[in-house]
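Data block below; observations after.
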Amino acid sequence: MKQISFPIPSYDEWKQEVEKSLKGKPFDRLYATTYEQIQLKPIYTRADLEGVPIEQYPGFPSYVRGTEVEGYIKKGWEVSQQCEASAPERWNELMKHQLERGQTEIHVVLPKLKFVVQTIEQIKTMFSNISLENYSLRIDTGACAFPFLPLFVAYIEESGQPLSRMRGTIGMDPLHSLTITGKLPMPLSTLYDVMADVTTWAKTHMPHVKTILVHADPYHNGGGNAIQQLAFAFASAVEYINECLERGLTIDDVANRIDFSFPVGSHFFMEISKLRAARLIWSNIVQAFGGSEQAQKLSIHARTSYFTKTVYDPYVNMLRATTEAFAAIVGGANSLHVSPFNEPFATEDEFAERIARNTQLILLEEAHIGKVIDPAGGSYYVETLTAQLAEEAWKLFQQVEAQGGMTKALQCGFVQKEIENIAKQREQHVKARKEKIVGTNVYANIAEPSAPKHTYTSYGSNHTYIDVKTMEEALSLVKRRAIAQHVIHEKESMTIVAPIRQWRLSEPFEQLRKASERHAETSGQRPTVHLVNLGSIPKHKTRADFMTGFFEAGGFTVVKNDGYMTIEEAVNGILETNGTHYIICGTDDDYVDAVPHIVRQVKTEKSDVRIYVAGKLPSHIEATFMEAGVNGFIHIGSNCYDTIFAFMKDMGVNVDGEN
C-alpha cells in the first residue's frame, strides 16, 4: 500500500462530477460574495496560491502562522473571561471564583463596571487575596490610564508585590471611546501626552506590561466587515505610534506595548483568516517604521461577538460562541474571552459565566486544539482568503492615512460612512432572511417566555480622571490619598465626531417580537394570521410551513387547519373566524380556480378582510388574482421584516416602542 498513490483529479474532472450532482442547476450558484466583496469559490487548488508568499513555519516574520514556533504547545492561550460587578467586594468574589475554576488572566473593563474606581481602598478590596504576579493582567482603562494605573501601582507597592513581575496589559484606547460615544473626557492631545508618559514609565518599572489597547469592536459591532475592522484598527494603532514617536519614544518602545482586541464573528473561515491577516499587516507596519522582529509580533486578544448574539432563544448563543471561540483559537489568538449566552440582556448569572468559561476549557483540555500548531496553515482556502483580506485591508488603511490619519477620517465621517454602508446591507439581508439567525428570523419559538430588556453599555460612561499628564505626578497625588474627580474641559478643545451606531444583527426582529408581546399584554392575544390551506396535507404543507415560520419570526400566532377540500369549505372557514388577515396556501394548479372564487365570496360578506396568497406566480395570474381582490403575495423573495411590519401596522400594533 505504501507504494500505491491515488491519482489527483484535475479541476475540470472535479467540476464535471459536481455539475452532474447539480442536475441542471447552474454551477455559478456554488460561488458566493461576502460583505468584503470577496468571491468565495466552491474549491481552491494550488493554482490559487500562485504569487502568494506562503510561510513555511510559525514563529518567523511575517508571523502569519503565529508568533510562537510551537504554537500553544508550551503555553496555551490565556483564558480571559471578563469580570463585571456592582461593587468592589463582589468583583473580588467573582474574580477569585473564576481564577479557582480555570481562568488564567485577570480581565476587567473599567468603564463597564457598575462602580467608579477612585481610591486605593477600592483597589485593595478588588484585588484582596489575589496574587497578581501569578496571573496575566488584562485591564481596559477606557480612554485614559488615569486614575486607575496610579492607584493600582500604589496598591502593588504598598502590598509588597514586585512591579517588575507584573505582566499583561493595562491599556488605554481613546479612539475606541471616541468612535462609540462621539466624544472624549479631555482633549485628545492631552490623552496622547498621558499615553506616551505612561508607556515611558512602564518601560522602566513594568517592562512586561502593555499600556496601549486598540479595539476593533466598534467597527464589528457597527456592522462592519473584516476588511474594515483590520484597516481601522491598524489606522488607530499607527496614529498612536506617530503620537508617541513625536513625544520621544522609539518604535520598539511603542509597538511592543500595543495590544489588539478583535471580536470574532460567525463566518468561521473569514474570522480565522482575519486574525492571520492581522499579524501580516502589523509585521509590515512595524517593519516600515524600522521596528525589530520582536516588535513585529502582534498580540491579539479575541472575544466572541456581541454583534451575533440574540435576546430570543438565547441558549443558541452558546453554540455561536463555541464556533467563534474555535475560530479565534485556530486563528492564533493569544487570549480569549467567550461571552456568556445572556450577554445581550446582561444579567449576572453564575450558570452563564460557567458555561462560557468551560467552553474554552473544553476546547483546551478535551478537544486538545492547542496540540496542533497552526491547523489552518497550508489550506488553499485559508491562505488565499488571508492574502485577499490583507491586501484589501491595506488599501483601505492607505485611504485613511491619505486623509491624515484615523482622527481626521472620523471627523470627516469617512469611517462612519464606510461602516454604515455595510451595516445597511447586513440589515436588509437579515430583514429579507437572506442572512439567517436561528431562533430569531428562522425557526423562532414564540412559546418561550418574554425576553428581558437589553441595554448596550457604552464605554466611558462612568469613568473619572485625574487632571494630570505624568505618571509620577499622579502617583504622588495617589499616595497622598487624592480622590479622582471628573474634569471639565472647554468644549472648543474637545474632539467630537459622529459616533458609530452599535447594534446587534437580530435587533430588527427582536423589535417585532417585543411589539407582539406588548400587544398580547394589552389586548389579550398576539397579532394573528389565519392560514387557508387548500386540499390534502401534501398539497399545502410546504407553503403552510413556510408561512408559519415566516410570521412566527415576528411573534405572530399562526392559526392552521388540515386543509379545505372545496371552495365552499374554505369560504365558510374564513367567515366563521374573527380574523383580519388570511393567507391561502396550496398548489399553483389549485390556485387558478379556487383563489378568485374564495376572495370574491369572502369580501362580499366581509369587505375589510385582507387575503394574501402564498407563493410567487406568473405575472398574468397575479394580475387576475389582484382584480378578484387579493391583497398581495408572500413568497421566499418577500422581505420578511417589512411584510410583518406592514401587517402589524394594519392591525394597530404599536411597533415603535412602549409608549
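Residues are named by chain letter and number: chains run A, B, ... in the order of the C-alpha cells, numbers start at 1 in each chain, and ligands are numbered from 1 in the order shown.
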Next item on the list: Pick out the residues sitting within 12 Å of stretch 16-27 of chain A, and hand them over as number ranges by chain; count only C-alpha atoms, and ignore anything fewer than 6 positions along from it in its own chain.
Entry: A: 9-10, 41-43
Writer output for current selection, N, CA and C atoms, as a compact mmCIF listing (two decimals), in the first residue's frame:
# COMPACT_ATOMS: atom_id res chain seq x y z
N PRO A 9 -7.34 14.15 -8.96
CA PRO A 9 -8.22 14.60 -10.04
C PRO A 9 -7.93 16.05 -10.40
N SER A 10 -8.09 16.36 -11.66
CA SER A 10 -7.90 17.74 -12.11
C SER A 10 -9.12 18.57 -11.74
N LYS A 41 -15.02 30.67 -3.69
CA LYS A 41 -15.18 29.65 -4.72
C LYS A 41 -15.55 28.31 -4.07
N PRO A 42 -16.13 27.40 -4.82
CA PRO A 42 -16.51 26.10 -4.25
C PRO A 42 -15.32 25.20 -3.96
N ILE A 43 -14.19 25.45 -4.62
CA ILE A 43 -12.99 24.65 -4.37
C ILE A 43 -11.76 25.52 -4.63
Next item on the list: Skip A:Glu510 itself and residues of its chain fewer than 2 positions away, then list as a VMD selection string all residues within 8 Å of it, counting only C-alpha atoms.
Entry: chain A and resid 311 to 312 440 506 to 508 512 to 514 554
Could you dump the residues just selected with N, CA and C atoms as a PDB file, in the first residue's frame?
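In the end it all went to again-v3.pdb:
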ATOM      1  N   VAL A 311     -31.333  37.987  21.768  1.00  0.00           N
ATOM      2  CA  VAL A 311     -32.106  38.034  23.009  1.00  0.00           C
ATOM      3  C   VAL A 311     -33.044  36.833  23.082  1.00  0.00           C
ATOM      4  N   TYR A 312     -33.659  36.478  21.950  1.00  0.00           N
ATOM      5  CA  TYR A 312     -34.574  35.337  21.925  1.00  0.00           C
ATOM      6  C   TYR A 312     -33.810  34.051  21.641  1.00  0.00           C
ATOM      7  N   THR A 440     -34.423  33.361  15.643  1.00  0.00           N
ATOM      8  CA  THR A 440     -34.891  34.750  15.568  1.00  0.00           C
ATOM      9  C   THR A 440     -35.649  35.004  14.278  1.00  0.00           C
ATOM     10  N   SER A 506     -29.646  40.790  15.254  1.00  0.00           N
ATOM     11  CA  SER A 506     -31.008  40.293  15.462  1.00  0.00           C
ATOM     12  C   SER A 506     -31.986  41.379  15.898  1.00  0.00           C
ATOM     13  N   GLU A 507     -31.535  42.594  16.107  1.00  0.00           N
ATOM     14  CA  GLU A 507     -32.392  43.637  16.679  1.00  0.00           C
ATOM     15  C   GLU A 507     -33.664  43.935  15.885  1.00  0.00           C
ATOM     16  N   PRO A 508     -33.643  43.966  14.530  1.00  0.00           N
ATOM     17  CA  PRO A 508     -34.890  44.262  13.815  1.00  0.00           C
ATOM     18  C   PRO A 508     -36.025  43.302  14.172  1.00  0.00           C
ATOM     19  N   LEU A 512     -39.825  43.434  16.506  1.00  0.00           N
ATOM     20  CA  LEU A 512     -41.137  42.900  16.149  1.00  0.00           C
ATOM     21  C   LEU A 512     -41.666  41.970  17.240  1.00  0.00           C
ATOM     22  N   ARG A 513     -40.799  41.108  17.755  1.00  0.00           N
ATOM     23  CA  ARG A 513     -41.227  40.169  18.792  1.00  0.00           C
ATOM     24  C   ARG A 513     -41.692  40.902  20.049  1.00  0.00           C
ATOM     25  N   LYS A 514     -40.960  41.944  20.433  1.00  0.00           N
ATOM     26  CA  LYS A 514     -41.344  42.704  21.623  1.00  0.00           C
ATOM     27  C   LYS A 514     -42.650  43.450  21.402  1.00  0.00           C
ATOM     28  N   GLY A 554     -41.950  37.106  13.622  1.00  0.00           N
ATOM     29  CA  GLY A 554     -42.406  38.380  14.179  1.00  0.00           C
ATOM     30  C   GLY A 554     -43.264  38.216  15.410  1.00  0.00           C
TER      31      GLY A 554
END
Note to self: List the spatial neighbours of A:Lys560 as JSON, numbers by chain - criterion: any atom at most 7 Å away, only C-alpha atoms, same-chain residues fewer than 2 positions off excluded.
What the structure shows: {"A": [530, 531, 558]}
Selection from above, C-alpha atoms, as a PDB file, in the first residue's frame, can you write it?
ATOM      1  CA  HIS A 530     -55.021  32.568   9.615  1.00  0.00           C
ATOM      2  CA  LEU A 531     -53.906  30.058   7.016  1.00  0.00           C
ATOM      3  CA  VAL A 558     -50.499  31.355  13.140  1.00  0.00           C
TER       4      VAL A 558
END
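Reported to one decimal place, the separation of atom CA of A:Ala646 from atom CA of A:Glu448 is 24.1 Å.
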Next item on the list: Quick one: everything within 12 Å of stretch 370-372 of chain A, counting only C-alpha atoms, minus sequence neighbours fewer than 3 positions away in the same chain. Send it as a PyMOL selection string.
Entry: chain A and resi 58+65+69-78+326+328-334+360-367+375-377
Checklist line | stretch 395-558 of chain A: residues DSSP assigns to alpha helix (DSSP H), reported as number ranges by chain | finding: A: 395-402, 406-411, 414-431, 471-479, 507-523, 537-552
Item checked: Using only C-alpha atoms: which of A:Arg257, A:His215, A:Lys417, A:Arg504 has the shortest distance to A:Pro344 ->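 Nearest to A:Pro344: A:Arg504.
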Next item on the list: May I have all residues of stretch 556-593 of chain A that DSSP, computed from the backbone, assigns to strand (DSSP E or B), given as an NGL selection string?
Entry: :A and (557-559 or 564 or 581-585)
Check: What's the 12 Å shell around A:Thr643, counting only C-alpha atoms, without same-chain residues fewer than 4 positions away, as number ranges by chain?
Finding: A: 431-433, 509, 512, 547, 550-551, 553-554, 612, 632-639, 647-650
